[in-house]
Each structure stands twice: as structure tokens, then as C-alpha cells.
Amino acid sequence: MPMMRASHADRERTLDVLKAGYAEGRLDHAEYEQRMGRAQRAQTYGELHVLIADLPQGPMAVPAPAPQQYPQPYQPMVPRTFLPPPPPTNNSAVAALVCGVLTPLYGVTAIPAVILGHKARAEIRRTGEKGDGLALAGLVLGWLAIGFVALVLLVVAATAGATG
């Protein structure tokens, strides 16, 4: 970010690096004075960096220590046989999805997809079974198919009425 404006603290850090360079004998007195004056007048990071680019800027970087790994709290392993079984997937939800997917092939499955989808979602809310996404997908596919058929019927009726 060489064009970003420098702060007073940035100038002070640069002056510290220059002082260390002079004290170590890396700069002669004339060059030290010249760079000190330019550092005090510097407006941007780029101007400050040019003044100290050829000088060491503090001790060599030390890599940060790796985060300490703390042991997990004790959790006894429970055999899988003693765990409660996961909730089953609702069969009506699966049937709703199958009917919804088959709708493009067999147009009559759109209505069962909608009916089974609504039935499955009600059962899932009541029993806590899995499969709400399946039921919703079957509902959406069924309603889309019904809407498409209704649209086609409207267009056919409109064109028949306009020509007849």
C-alpha cells in the first residue's frame, strides 16, 4: 500500500530503524541526517519504505507457535446398539417424490404427487419422521405439472374461441 498516507507512528518507526542503522554503522552521518529529514517530511508509506528498504528492520521473524491442542472432555463411547435408531423416512414423502418425478412421463401422477406430498408433510410434523424435503419436492413437481396442464388448456380454449 505505497500510496496510503503515513501516520506519525509510522514516521517514528522509520526513524527508529534509521537510528539503529546508524548505531550499527550501516549509515554514515551525512546519509543518516539526509534520511532522517526525508522521513520527517514523508507523506506516504512508499516514501518511508524507500528510506529503510536497504536496512534490517528488527529481529528476524519467528514463526508463531502452533496452537496447543487440548484434549477433548471425556465422552464415553456408547455402543451403537444402545443408541436410539434414527427417525425413519416417511413413506408417503418418498411416494410423493416418485410420483412427481414420473409426472412428465405419465401426466396423471401429478395429482397423487400433490395429495401424497400434503399427507406426508402433515405426518412428518406429527411424528417427527424424516423426508420433509422429499415431500416438498413431490409437491412442487406435482403443482408445476398441474399448472402447466391448466395453462395449456387455457391456451387451447383461447385459440379455439378466437377461431370458432
# chains A, B, ... in the order shown; residues from 1 in each chain; ligands from 1
>>> residues_around(residues="region 140-143 of chain A", least_positions_apart="2", cutoff="9 Å", atoms="only C-alpha atoms", output="count of residues only")
22
>>> select_by_dssp(residues="region 1-162 of chain A", states="alpha helix (DSSP H)", output="PyMOL selection string")
chain A and resi 8-23+29-41+45-52+91-102+110-127+132-162
>>> residues_around(residues="Leu55 (chain A)", least_positions_apart="5", cutoff="8 Å", atoms="only C-alpha atoms", output="ChimeraX atom specification")
/A:17-18,21,26
>>> write_last_selection(atoms="N, CA and C atoms", output="short mmCIF file (atom, residue, chain, number, x, y, z; two decimals), in the first residue's frame")
data_model
loop_
_atom_site.label_atom_id
_atom_site.label_comp_id
_atom_site.auth_asym_id
_atom_site.auth_seq_id
_atom_site.Cartn_x
_atom_site.Cartn_y
_atom_site.Cartn_z
N VAL A 17 14.28 2.74 12.92
CA VAL A 17 15.08 1.86 12.06
C VAL A 17 16.33 2.61 11.58
N LEU A 18 16.17 3.88 11.21
CA LEU A 18 17.32 4.67 10.77
C LEU A 18 18.32 4.85 11.90
N GLY A 21 20.20 1.68 12.28
CA GLY A 21 21.16 1.53 11.17
C GLY A 21 22.39 2.39 11.37
N ARG A 26 25.79 1.08 9.65
CA ARG A 26 25.30 0.81 8.29
C ARG A 26 25.13 2.10 7.49
#
>>> atom_distance(atom1="CA of Pro87 (chain A)", atom2="CA of Leu139 (chain A)")
21.8 Å
>>> residues_around(residues="Thr44 (chain A)", least_positions_apart="6", cutoff="10 Å", atoms="only C-alpha atoms", output="VMD selection string")
chain A and resid 1 to 7 10 to 11
>>> residues_around(residues="region 31-33 of chain A", least_positions_apart="5", cutoff="12 Å", atoms="only C-alpha atoms", output="list in words")
Thr14, Leu15, Asp16, Val17, Leu18, Lys19, Ala20, Gly21, Tyr22, Ala23, Glu24, Gly25, Arg26, Arg38, Ala39, Gln40, Leu51, Ile52 and Leu55 of chain A
>>> closest_residue(among="A:Glu47, A:Glu129, A:Asp28, A:Glu123", to="Pro85 (chain A)", atoms="only C-alpha atoms")
A:Glu129
>>> closest_residue(among="A:Leu144, A:Pro104, A:Asn90, A:Ala95", to="Arg121 (chain A)", atoms="only C-alpha atoms")
A:Asn90
>>> atom_distance(atom1="CA of His118 (chain A)", atom2="CA of Thr89 (chain A)")
15.2 Å
>>> atom_distance(atom1="CA of Val108 (chain A)", atom2="CA of Ala157 (chain A)")
20.6 Å
